[in-house]
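Visitor: My structure is in target10.pdb, and what it holds is PDB, C-alpha atoms, pLDDT in the B column:
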```pdb
ATOM      1  CA  MET A 255      -2.582  11.164   2.007  1.00 45.00           C
ATOM      2  CA  PRO A 256      -3.200   7.612   3.188  1.00 51.00           C
ATOM      3  CA  VAL A 257      -6.818   6.636   3.713  1.00 54.00           C
ATOM      4  CA  VAL A 258      -7.092   4.962   6.152  1.00 59.00           C
ATOM      5  CA  ASN A 259      -4.234   4.894   8.684  1.00 67.00           C
ATOM      6  CA  GLU A 260      -1.658   2.113   8.673  1.00 74.00           C
ATOM      7  CA  GLU A 261      -3.019   0.368  11.762  1.00 70.00           C
ATOM      8  CA  MET A 262      -6.469   0.134  10.183  1.00 74.00           C
ATOM      9  CA  ARG A 263      -4.946  -1.108   6.932  1.00 77.00           C
ATOM     10  CA  ALA A 264      -3.209  -3.889   8.846  1.00 80.00           C
ATOM     11  CA  TYR A 265      -6.409  -4.752  10.695  1.00 83.00           C
ATOM     12  CA  TYR A 266      -8.469  -5.257   7.542  1.00 81.00           C
ATOM     13  CA  ASP A 267      -5.689  -7.148   5.797  1.00 86.00           C
ATOM     14  CA  ARG A 268      -5.603  -9.605   8.715  1.00 84.00           C
ATOM     15  CA  ARG A 269      -9.411  -9.804   8.779  1.00 85.00           C
ATOM     16  CA  ALA A 270      -9.737 -10.967   5.182  1.00 89.00           C
ATOM     17  CA  PRO A 271     -10.018 -14.731   5.918  1.00 90.00           C
ATOM     18  CA  GLU A 272     -12.645 -14.170   8.620  1.00 89.00           C
ATOM     19  CA  TYR A 273     -14.408 -11.038   7.369  1.00 91.00           C
ATOM     20  CA  ASP A 274     -17.510 -12.766   5.982  1.00 93.00           C
ATOM     21  CA  GLU A 275     -18.189 -14.365   9.345  1.00 90.00           C
ATOM     22  CA  TRP A 276     -19.359 -10.924  10.503  1.00 91.00           C
ATOM     23  CA  TRP A 277     -21.937 -10.835   7.690  1.00 94.00           C
ATOM     24  CA  LEU A 278     -22.988 -14.484   7.750  1.00 92.00           C
ATOM     25  CA  ALA A 279     -23.008 -15.296  11.456  1.00 83.00           C
ATOM     26  CA  PRO A 280     -26.490 -15.787  12.902  1.00 74.00           C
ATOM     27  CA  ASP A 281     -28.106 -13.165  15.081  1.00 73.00           C
ATOM     28  CA  ARG A 282     -25.398 -13.551  17.710  1.00 72.00           C
ATOM     29  CA  TRP A 283     -21.801 -12.463  17.043  1.00 77.00           C
ATOM     30  CA  LYS A 284     -18.980 -12.961  19.542  1.00 76.00           C
ATOM     31  CA  GLY A 285     -21.409 -12.910  22.439  1.00 75.00           C
ATOM     32  CA  GLN A 286     -23.369  -9.905  21.139  1.00 82.00           C
ATOM     33  CA  GLU A 287     -27.078 -10.270  20.463  1.00 88.00           C
ATOM     34  CA  ARG A 288     -28.080  -9.090  16.971  1.00 92.00           C
ATOM     35  CA  PRO A 289     -31.859  -9.519  16.680  1.00 94.00           C
ATOM     36  CA  GLY A 290     -33.088  -9.374  13.108  1.00 95.00           C
ATOM     37  CA  TRP A 291     -29.563  -9.318  11.671  1.00 95.00           C
ATOM     38  CA  THR A 292     -29.995 -12.053   9.056  1.00 94.00           C
ATOM     39  CA  GLU A 293     -33.277 -10.600   7.794  1.00 96.00           C
ATOM     40  CA  GLU A 294     -31.822  -7.100   7.551  1.00 97.00           C
ATOM     41  CA  VAL A 295     -28.752  -8.284   5.639  1.00 97.00           C
ATOM     42  CA  ALA A 296     -31.173  -9.753   3.092  1.00 97.00           C
ATOM     43  CA  GLU A 297     -33.103  -6.446   2.927  1.00 98.00           C
ATOM     44  CA  LEU A 298     -29.871  -4.517   2.389  1.00 98.00           C
ATOM     45  CA  LEU A 299     -28.804  -6.833  -0.429  1.00 98.00           C
ATOM     46  CA  ARG A 300     -32.184  -6.364  -2.129  1.00 98.00           C
ATOM     47  CA  ALA A 301     -31.766  -2.576  -1.915  1.00 98.00           C
ATOM     48  CA  ILE A 302     -28.339  -2.828  -3.567  1.00 98.00           C
ATOM     49  CA  GLU A 303     -29.653  -5.145  -6.274  1.00 98.00           C
ATOM     50  CA  GLY A 304     -32.434  -2.613  -6.942  1.00 98.00           C
ATOM     51  CA  LEU A 305     -30.005   0.124  -8.013  1.00 98.00           C
ATOM     52  CA  ALA A 306     -30.067   1.057 -11.687  1.00 97.00           C
ATOM     53  CA  PRO A 307     -27.261  -0.657 -13.648  1.00 98.00           C
ATOM     54  CA  ALA A 308     -24.263   1.661 -13.936  1.00 98.00           C
ATOM     55  CA  ARG A 309     -20.519   1.816 -14.417  1.00 98.00           C
ATOM     56  CA  THR A 310     -19.736   1.392 -10.747  1.00 98.00           C
ATOM     57  CA  LEU A 311     -16.542   1.686  -8.713  1.00 98.00           C
ATOM     58  CA  ASP A 312     -16.710  -0.134  -5.375  1.00 98.00           C
ATOM     59  CA  VAL A 313     -14.178   1.523  -3.072  1.00 98.00           C
ATOM     60  CA  ALA A 314     -12.879  -0.717  -0.268  1.00 97.00           C
ATOM     61  CA  CYS A 315     -14.688  -3.709  -1.731  1.00 98.00           C
ATOM     62  CA  GLY A 316     -13.232  -6.100   0.845  1.00 97.00           C
ATOM     63  CA  THR A 317     -14.214  -9.694   0.161  1.00 97.00           C
ATOM     64  CA  ALA A 318     -16.893  -8.518  -2.322  1.00 98.00           C
ATOM     65  CA  PHE A 319     -19.746  -9.617  -0.071  1.00 98.00           C
ATOM     66  CA  LEU A 320     -21.752  -6.578  -1.228  1.00 98.00           C
ATOM     67  CA  THR A 321     -19.981  -6.011  -4.544  1.00 98.00           C
ATOM     68  CA  GLY A 322     -21.419  -9.096  -6.178  1.00 97.00           C
ATOM     69  CA  HIS A 323     -24.928  -7.664  -5.789  1.00 98.00           C
ATOM     70  CA  LEU A 324     -24.180  -4.410  -7.632  1.00 98.00           C
ATOM     71  CA  PRO A 325     -25.819  -4.180 -11.074  1.00 98.00           C
ATOM     72  CA  GLY A 326     -23.845  -3.002 -14.074  1.00 98.00           C
ATOM     73  CA  GLU A 327     -20.178  -2.858 -15.069  1.00 98.00           C
ATOM     74  CA  ILE A 328     -18.126  -3.210 -11.887  1.00 98.00           C
ATOM     75  CA  THR A 329     -14.620  -2.145 -10.880  1.00 98.00           C
ATOM     76  CA  ALA A 330     -13.634  -3.268  -7.372  1.00 98.00           C
ATOM     77  CA  LEU A 331     -10.873  -1.430  -5.494  1.00 98.00           C
ATOM     78  CA  ASP A 332      -9.195  -2.359  -2.210  1.00 97.00           C
ATOM     79  CA  GLN A 333      -5.835  -1.610  -0.626  1.00 95.00           C
ATOM     80  CA  SER A 334      -5.574  -5.153   0.758  1.00 95.00           C
ATOM     81  CA  ALA A 335      -4.177  -7.917  -1.421  1.00 96.00           C
ATOM     82  CA  ALA A 336      -5.639 -10.449   1.039  1.00 96.00           C
ATOM     83  CA  MET A 337      -9.145  -9.026   0.610  1.00 97.00           C
ATOM     84  CA  LEU A 338      -8.838  -9.027  -3.182  1.00 98.00           C
ATOM     85  CA  GLU A 339      -7.666 -12.630  -3.129  1.00 97.00           C
ATOM     86  CA  VAL A 340     -10.970 -13.596  -1.521  1.00 97.00           C
ATOM     87  CA  ALA A 341     -12.961 -11.264  -3.796  1.00 98.00           C
ATOM     88  CA  ARG A 342     -11.464 -12.323  -7.135  1.00 98.00           C
ATOM     89  CA  PRO A 343     -13.281 -15.658  -7.681  1.00 97.00           C
ATOM     90  CA  ARG A 344     -16.555 -14.014  -6.627  1.00 97.00           C
ATOM     91  CA  LEU A 345     -16.274 -11.343  -9.315  1.00 98.00           C
ATOM     92  CA  PRO A 346     -15.338 -13.195 -12.514  1.00 97.00           C
ATOM     93  CA  HIS A 347     -16.620 -10.390 -14.766  1.00 96.00           C
ATOM     94  CA  ALA A 348     -15.360  -7.409 -12.755  1.00 98.00           C
ATOM     95  CA  ARG A 349     -12.099  -5.474 -12.907  1.00 98.00           C
ATOM     96  CA  LEU A 350     -10.181  -5.748  -9.610  1.00 98.00           C
ATOM     97  CA  VAL A 351      -7.621  -3.112  -8.659  1.00 98.00           C
ATOM     98  CA  GLN A 352      -5.335  -2.925  -5.641  1.00 97.00           C
ATOM     99  CA  GLY A 353      -4.915   0.707  -4.627  1.00 96.00           C
ATOM    100  CA  ASP A 354      -5.846   3.575  -2.342  1.00 94.00           C
ATOM    101  CA  ALA A 355      -9.001   5.651  -2.111  1.00 94.00           C
ATOM    102  CA  VAL A 356      -7.027   8.908  -2.180  1.00 94.00           C
ATOM    103  CA  PRO A 357      -6.006   9.505  -4.817  1.00 95.00           C
ATOM    104  CA  LEU A 358      -8.241   7.128  -6.741  1.00 97.00           C
ATOM    105  CA  PRO A 359      -6.207   5.563  -9.570  1.00 97.00           C
ATOM    106  CA  PHE A 360      -8.828   6.369 -12.217  1.00 98.00           C
ATOM    107  CA  SER A 361      -9.583   9.053 -14.806  1.00 98.00           C
ATOM    108  CA  ASP A 362     -11.962  11.970 -14.367  1.00 97.00           C
ATOM    109  CA  GLY A 363     -15.559  10.902 -15.002  1.00 97.00           C
ATOM    110  CA  GLU A 364     -14.625   7.260 -15.529  1.00 98.00           C
ATOM    111  CA  PHE A 365     -17.654   5.992 -13.587  1.00 98.00           C
ATOM    112  CA  ASP A 366     -21.348   6.739 -13.168  1.00 98.00           C
ATOM    113  CA  ARG A 367     -21.386   5.701  -9.516  1.00 98.00           C
ATOM    114  CA  VAL A 368     -19.026   5.182  -6.594  1.00 98.00           C
ATOM    115  CA  PHE A 369     -20.252   2.632  -4.075  1.00 98.00           C
ATOM    116  CA  THR A 370     -18.633   2.043  -0.717  1.00 98.00           C
ATOM    117  CA  GLY A 371     -19.644  -0.266   2.126  1.00 98.00           C
ATOM    118  CA  HIS A 372     -18.429   0.185   5.703  1.00 97.00           C
ATOM    119  CA  PHE A 373     -15.571   2.437   4.632  1.00 97.00           C
ATOM    120  CA  TYR A 374     -16.879   6.000   4.920  1.00 97.00           C
ATOM    121  CA  GLY A 375     -17.549   5.534   8.635  1.00 97.00           C
ATOM    122  CA  HIS A 376     -13.866   4.823   9.267  1.00 95.00           C
ATOM    123  CA  LEU A 377     -12.672   8.142   7.801  1.00 95.00           C
ATOM    124  CA  LEU A 378     -11.524  11.028   9.957  1.00 94.00           C
ATOM    125  CA  GLU A 379     -12.660  14.524   8.973  1.00 93.00           C
ATOM    126  CA  ASP A 380      -9.714  15.412   6.723  1.00 94.00           C
ATOM    127  CA  GLU A 381      -9.893  11.955   5.139  1.00 94.00           C
ATOM    128  CA  ARG A 382     -13.601  12.450   4.403  1.00 95.00           C
ATOM    129  CA  ARG A 383     -12.889  15.738   2.647  1.00 94.00           C
ATOM    130  CA  ALA A 384     -10.205  14.178   0.486  1.00 95.00           C
ATOM    131  CA  PHE A 385     -12.306  11.124  -0.312  1.00 96.00           C
ATOM    132  CA  LEU A 386     -15.362  13.148  -1.359  1.00 96.00           C
ATOM    133  CA  ARG A 387     -13.207  15.302  -3.642  1.00 96.00           C
ATOM    134  CA  GLU A 388     -11.963  12.167  -5.356  1.00 97.00           C
ATOM    135  CA  VAL A 389     -15.477  10.746  -5.646  1.00 97.00           C
ATOM    136  CA  ARG A 390     -16.701  13.951  -7.313  1.00 96.00           C
ATOM    137  CA  ARG A 391     -13.800  13.752  -9.743  1.00 97.00           C
ATOM    138  CA  VAL A 392     -14.522  10.231 -11.004  1.00 97.00           C
ATOM    139  CA  ALA A 393     -18.323   9.870 -10.738  1.00 97.00           C
ATOM    140  CA  ARG A 394     -21.706  11.604 -10.565  1.00 95.00           C
ATOM    141  CA  GLU A 395     -23.244   9.554  -7.776  1.00 97.00           C
ATOM    142  CA  LEU A 396     -22.150   8.138  -4.431  1.00 98.00           C
ATOM    143  CA  VAL A 397     -23.827   5.280  -2.581  1.00 98.00           C
ATOM    144  CA  VAL A 398     -22.708   4.753   1.016  1.00 98.00           C
ATOM    145  CA  VAL A 399     -23.586   1.704   3.108  1.00 98.00           C
ATOM    146  CA  ASP A 400     -22.566   1.832   6.740  1.00 98.00           C
ATOM    147  CA  SER A 401     -23.516   1.011  10.322  1.00 98.00           C
ATOM    148  CA  ALA A 402     -26.707   2.394  11.838  1.00 98.00           C
ATOM    149  CA  LEU A 403     -26.740   4.481  14.994  1.00 98.00           C
ATOM    150  CA  ARG A 404     -28.819   2.749  17.641  1.00 94.00           C
ATOM    151  CA  GLU A 405     -29.542   2.957  21.340  1.00 92.00           C
ATOM    152  CA  GLY A 406     -26.513   2.360  23.532  1.00 90.00           C
ATOM    153  CA  ILE A 407     -24.015   3.151  20.759  1.00 92.00           C
ATOM    154  CA  GLU A 408     -21.972   6.351  20.526  1.00 96.00           C
ATOM    155  CA  ALA A 409     -22.021   8.069  17.136  1.00 97.00           C
ATOM    156  CA  GLU A 410     -18.222   8.390  17.055  1.00 96.00           C
ATOM    157  CA  VAL A 411     -15.769   6.110  18.853  1.00 94.00           C
ATOM    158  CA  TRP A 412     -12.315   4.586  18.839  1.00 93.00           C
ATOM    159  CA  GLN A 413     -12.587   0.822  19.239  1.00 88.00           C
ATOM    160  CA  GLU A 414     -10.046  -1.861  20.087  1.00 87.00           C
ATOM    161  CA  ARG A 415     -10.609  -4.853  17.830  1.00 83.00           C
ATOM    162  CA  GLU A 416      -8.949  -8.245  17.887  1.00 78.00           C
ATOM    163  CA  THR A 417      -8.487 -10.626  14.978  1.00 79.00           C
ATOM    164  CA  THR A 418      -8.453 -14.403  15.386  1.00 74.00           C
ATOM    165  CA  ASP A 419      -4.650 -14.430  15.362  1.00 80.00           C
ATOM    166  CA  GLY A 420      -4.702 -12.420  18.596  1.00 78.00           C
ATOM    167  CA  ALA A 421      -3.551  -9.117  17.087  1.00 80.00           C
ATOM    168  CA  ARG A 422      -5.217  -5.996  18.519  1.00 85.00           C
ATOM    169  CA  HIS A 423      -5.925  -2.878  16.492  1.00 80.00           C
ATOM    170  CA  ARG A 424      -7.298   0.573  17.311  1.00 88.00           C
ATOM    171  CA  VAL A 425     -10.055   1.460  14.842  1.00 88.00           C
ATOM    172  CA  TYR A 426     -11.990   4.710  14.380  1.00 94.00           C
ATOM    173  CA  LYS A 427     -15.711   4.149  13.759  1.00 96.00           C
ATOM    174  CA  ARG A 428     -18.830   6.253  13.174  1.00 98.00           C
ATOM    175  CA  TYR A 429     -22.478   5.171  13.306  1.00 98.00           C
ATOM    176  CA  PHE A 430     -25.167   6.983  11.300  1.00 98.00           C
ATOM    177  CA  ALA A 431     -28.822   7.881  11.253  1.00 97.00           C
ATOM    178  CA  SER A 432     -29.835   7.508   7.603  1.00 97.00           C
ATOM    179  CA  ASP A 433     -31.287  11.023   7.217  1.00 96.00           C
ATOM    180  CA  GLU A 434     -28.244  12.596   8.885  1.00 96.00           C
ATOM    181  CA  LEU A 435     -25.891  10.716   6.569  1.00 97.00           C
ATOM    182  CA  ALA A 436     -27.919  11.904   3.561  1.00 95.00           C
ATOM    183  CA  GLU A 437     -27.636  15.486   4.818  1.00 94.00           C
ATOM    184  CA  GLU A 438     -23.901  15.106   5.389  1.00 95.00           C
ATOM    185  CA  LEU A 439     -23.464  14.014   1.790  1.00 95.00           C
ATOM    186  CA  GLY A 440     -25.399  17.044   0.550  1.00 90.00           C
ATOM    187  CA  GLY A 441     -28.814  15.438   0.237  1.00 89.00           C
ATOM    188  CA  GLY A 442     -29.955  12.248  -1.376  1.00 87.00           C
ATOM    189  CA  GLY A 443     -32.259   9.301  -1.113  1.00 95.00           C
ATOM    190  CA  VAL A 444     -32.304   6.795   1.707  1.00 97.00           C
ATOM    191  CA  LEU A 445     -32.116   3.323   0.192  1.00 97.00           C
ATOM    192  CA  HIS A 446     -32.220   1.531   3.529  1.00 98.00           C
ATOM    193  CA  GLY A 447     -32.591   2.682   7.102  1.00 97.00           C
ATOM    194  CA  GLY A 448     -32.633  -0.126   9.625  1.00 97.00           C
ATOM    195  CA  ARG A 449     -31.485  -1.164  13.057  1.00 97.00           C
ATOM    196  CA  TRP A 450     -28.107  -2.392  11.807  1.00 97.00           C
ATOM    197  CA  PHE A 451     -27.404  -0.697   8.457  1.00 98.00           C
ATOM    198  CA  VAL A 452     -28.009   2.506   6.554  1.00 98.00           C
ATOM    199  CA  ALA A 453     -27.669   3.038   2.811  1.00 98.00           C
ATOM    200  CA  VAL A 454     -27.818   6.448   1.132  1.00 98.00           C
ATOM    201  CA  ALA A 455     -27.487   7.538  -2.508  1.00 97.00           C
ATOM    202  CA  SER A 456     -26.324  11.098  -3.198  1.00 95.00           C
ATOM    203  CA  ARG A 457     -25.737  13.014  -6.419  1.00 87.00           C
ATOM    204  CA  SER A 458     -24.641  16.255  -4.713  1.00 69.00           C
ATOM    205  CA  LEU A 459     -21.551  14.729  -3.121  1.00 62.00           C
ATOM    206  CA  HIS A 460     -20.926  17.556  -0.687  1.00 53.00           C
ATOM    207  CA  SER A 461     -20.237  17.353   3.012  1.00 46.00           C
ATOM    208  CA  PRO A 462     -20.478  20.133   5.617  1.00 45.00           C
ATOM    209  CA  THR A 463     -16.793  19.463   6.300  1.00 46.00           C
ATOM    210  CA  ASP A 464     -16.026  20.211   2.641  1.00 49.00           C
ATOM    211  CA  ARG A 465     -17.826  23.546   2.277  1.00 41.00           C
TER     212      ARG A 465
END
```
Could you spell out this file's structure in structure tokens?

Guide:
Amino acid sequence: MPVVNEEMRAYYDRRAPEYDEWWLAPDRWKGQERPGWTEEVAELLRAIEGLAPARTLDVACGTAFLTGHLPGEITALDQSAAMLEVARPRLPHARLVQGDAVPLPFSDGEFDRVFTGHFYGHLLEDERRAFLREVRRVARELVVVDSALREGIEAEVWQERETTDGARHRVYKRYFASDELAEELGGGGVLHGGRWFVAVASRSLHSPTDR
């Protein structure tokens, strides 16, 4: 099964040249106020750097903005050639692979950890089930970084997003409370729980939708 849908694939492929602007822009982004954004990005990066070194697969690595902070032996996977083109010079010692998240093009138990940033929250229920099965097959641990649920934001929404070339795309998006995400993944430790981001590490790798 494709994960994610073709429209979302096209959206992120087009976003590659501008993707880091979302991370690096000051506390205001396209007219939206983001108080504390820059400081929290730094906190999130420190949490990622604090992980124990491991054979790590980064699924949907994008431009490798987060990937470069992962400790250990890194394999970076993305379906977008445009994203990997940006990521490649940033990851001189990593293995980069173009491919899908389901099925993952790797052997059983090939990694200690699967890491994924701002990917899990784009998966529909059946996609989440399939993805978690693949994660369990290739690794013992899953670390998920995603967007935090905050006041004025719905937990689950379809959004219309526009890239700088004027193309519009319909994107499915979830926002998480850190403890609820940990529970959804079967239990685990909260690495970061802030206004803008959550990060959870789980070794159980189960979801209520997969029981």

Visitor: Enumerate, as a PyMOL selection string, the residues matched when the PyMOL selection byres ((chain A and resi 290) around 12) is run on the file above.

Guide: chain A and resi 279-282+287-289+291-297+448-451

Visitor: As a check of understanding, name the residues that the PyMOL selection byres ((chain A and resi 328) around 12) selects in the supplied structure, as a ChimeraX atom specification.

Guide: /A:307-313,315,318,320-327,329-331,345-351,364-369

Visitor: For those residues, write C-alpha atoms to a file as a PDB file, in the frame of the given file.

Guide:
```
ATOM      1  CA  PRO A 307     -27.261  -0.657 -13.648  1.00 98.00           C
ATOM      2  CA  ALA A 308     -24.263   1.661 -13.936  1.00 98.00           C
ATOM      3  CA  ARG A 309     -20.519   1.816 -14.417  1.00 98.00           C
ATOM      4  CA  THR A 310     -19.736   1.392 -10.747  1.00 98.00           C
ATOM      5  CA  LEU A 311     -16.542   1.686  -8.713  1.00 98.00           C
ATOM      6  CA  ASP A 312     -16.710  -0.134  -5.375  1.00 98.00           C
ATOM      7  CA  VAL A 313     -14.178   1.523  -3.072  1.00 98.00           C
ATOM      8  CA  CYS A 315     -14.688  -3.709  -1.731  1.00 98.00           C
ATOM      9  CA  ALA A 318     -16.893  -8.518  -2.322  1.00 98.00           C
ATOM     10  CA  LEU A 320     -21.752  -6.578  -1.228  1.00 98.00           C
ATOM     11  CA  THR A 321     -19.981  -6.011  -4.544  1.00 98.00           C
ATOM     12  CA  GLY A 322     -21.419  -9.096  -6.178  1.00 97.00           C
ATOM     13  CA  HIS A 323     -24.928  -7.664  -5.789  1.00 98.00           C
ATOM     14  CA  LEU A 324     -24.180  -4.410  -7.632  1.00 98.00           C
ATOM     15  CA  PRO A 325     -25.819  -4.180 -11.074  1.00 98.00           C
ATOM     16  CA  GLY A 326     -23.845  -3.002 -14.074  1.00 98.00           C
ATOM     17  CA  GLU A 327     -20.178  -2.858 -15.069  1.00 98.00           C
ATOM     18  CA  THR A 329     -14.620  -2.145 -10.880  1.00 98.00           C
ATOM     19  CA  ALA A 330     -13.634  -3.268  -7.372  1.00 98.00           C
ATOM     20  CA  LEU A 331     -10.873  -1.430  -5.494  1.00 98.00           C
ATOM     21  CA  LEU A 345     -16.274 -11.343  -9.315  1.00 98.00           C
ATOM     22  CA  PRO A 346     -15.338 -13.195 -12.514  1.00 97.00           C
ATOM     23  CA  HIS A 347     -16.620 -10.390 -14.766  1.00 96.00           C
ATOM     24  CA  ALA A 348     -15.360  -7.409 -12.755  1.00 98.00           C
ATOM     25  CA  ARG A 349     -12.099  -5.474 -12.907  1.00 98.00           C
ATOM     26  CA  LEU A 350     -10.181  -5.748  -9.610  1.00 98.00           C
ATOM     27  CA  VAL A 351      -7.621  -3.112  -8.659  1.00 98.00           C
ATOM     28  CA  GLU A 364     -14.625   7.260 -15.529  1.00 98.00           C
ATOM     29  CA  PHE A 365     -17.654   5.992 -13.587  1.00 98.00           C
ATOM     30  CA  ASP A 366     -21.348   6.739 -13.168  1.00 98.00           C
ATOM     31  CA  ARG A 367     -21.386   5.701  -9.516  1.00 98.00           C
ATOM     32  CA  VAL A 368     -19.026   5.182  -6.594  1.00 98.00           C
ATOM     33  CA  PHE A 369     -20.252   2.632  -4.075  1.00 98.00           C
TER      34      PHE A 369
END
```

Visitor: Could you check the closest approach to A:Leu396 for each of A:Pro359, A:Gly441, A:Gly304, A:Gly353 and tell me which residue wins, using all atoms listed in the file?

Guide: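 So, comparing all the options, the nearest one is A:Gly441.
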
Visitor: Mind pulling up the distance from atom CA of A:Lys427 to atom CA of A:Asp380?

Guide: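 Separating atom CA of A:Asp380 from atom CA of A:Lys427 is a distance of 14.6 Å.
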
Visitor: Write out as a PyMOL selection string the residues lying within 8 Å of A:Gly316, counting only C-alpha atoms and excluding same-chain residues fewer than 5 positions away.

Guide: chain A and resi 270+332+334+337-338+341

Visitor: When distances are computed from all atoms listed in the file, which of A:Gln352, A:Val454, A:Arg344, A:Ala336 shows the smallest separation from A:Arg268?

Guide: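 Residue with the minimum atom-to-atom distance to A:Arg268: A:Ala336.
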
Visitor: Between A:Ala453, A:Val399, A:Ala384, A:Glu434, single out the one closest to A:Thr370, counting all atoms listed in the file.

Guide: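 Using all atoms listed in the file, the shortest distance to A:Thr370 belongs to A:Val399.
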
Visitor: Grab the atom CA of A:Leu439 to atom CA of A:Gly363 distance for me, in Å with one decimal place.

Guide: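 It comes out at 18.8 Å.
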
Visitor: For the file shown, report as a PyMOL selection string the outcome of the PyMOL selection byres ((chain A and resi 269) around 10) at residue level.

Guide: chain A and resi 263-268+270-275+316-317+336-337+416-419

Visitor: What's around A:Val411 at 12 Å? Count only C-alpha atoms, leave out sequence neighbours fewer than 5 positions away in its own chain, and write the answer as a compact mmCIF listing (two decimals) with C-alpha atoms, keeping the file's coordinate frame.

Guide:
```
# COMPACT_ATOMS: atom_id res chain seq x y z
CA GLY A 375 -17.55 5.53 8.64
CA HIS A 376 -13.87 4.82 9.27
CA LEU A 377 -12.67 8.14 7.80
CA LEU A 378 -11.52 11.03 9.96
CA LEU A 403 -26.74 4.48 14.99
CA ARG A 424 -7.30 0.57 17.31
CA VAL A 425 -10.06 1.46 14.84
CA TYR A 426 -11.99 4.71 14.38
CA LYS A 427 -15.71 4.15 13.76
CA ARG A 428 -18.83 6.25 13.17
CA TYR A 429 -22.48 5.17 13.31
```

Visitor: Provide the atom CA of A:His446 to atom CA of A:Arg391 distance in Å, to one decimal place.

Guide: 25.8 Å

Visitor: Compare A:Glu379, A:Asp400, A:Glu303, A:Asp354 by their minimum atom-to-atom distance to A:Ala431, counting only C-alpha atoms, and give me the closest one.

Guide: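 Selected residue with least distance to A:Ala431: A:Asp400.
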
Visitor: Return the single residue from A:Arg382, A:Gly285, A:Gln333, A:Phe430 that is closest to A:Glu408, with distances computed using only C-alpha atoms.

Guide: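 Closest candidate: A:Phe430.
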
Visitor: Find the residue from A:Arg404, A:Glu261, A:Val389, A:Leu445 that sits nearest to A:Tyr374; use all atoms listed in the file when measuring.

Guide: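 Smallest distance to A:Tyr374 is found for A:Val389.
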
Visitor: Quick one: stretch 398-412 of chain A from the block, C-alpha atoms, as a compact mmCIF listing (two decimals), in the first residue's frame.

Guide:
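Output saved as decode_33.txt:
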```txt
# COMPACT_ATOMS: atom_id res chain seq x y z
CA VAL A 398 8.29 9.74 16.84
CA VAL A 399 8.61 13.52 16.58
CA ASP A 400 5.50 15.38 15.56
CA SER A 401 3.34 18.46 16.07
CA ALA A 402 1.93 19.28 19.50
CA LEU A 403 -1.78 19.71 20.14
CA ARG A 404 -2.45 23.20 21.44
CA GLU A 405 -5.34 25.53 22.08
CA GLY A 406 -7.28 26.48 18.96
CA ILE A 407 -6.03 23.48 16.95
CA GLU A 408 -8.11 20.42 16.11
CA ALA A 409 -6.45 17.07 16.83
CA GLU A 410 -7.28 15.72 13.36
CA VAL A 411 -7.81 17.82 10.23
CA TRP A 412 -7.54 17.96 6.47
```
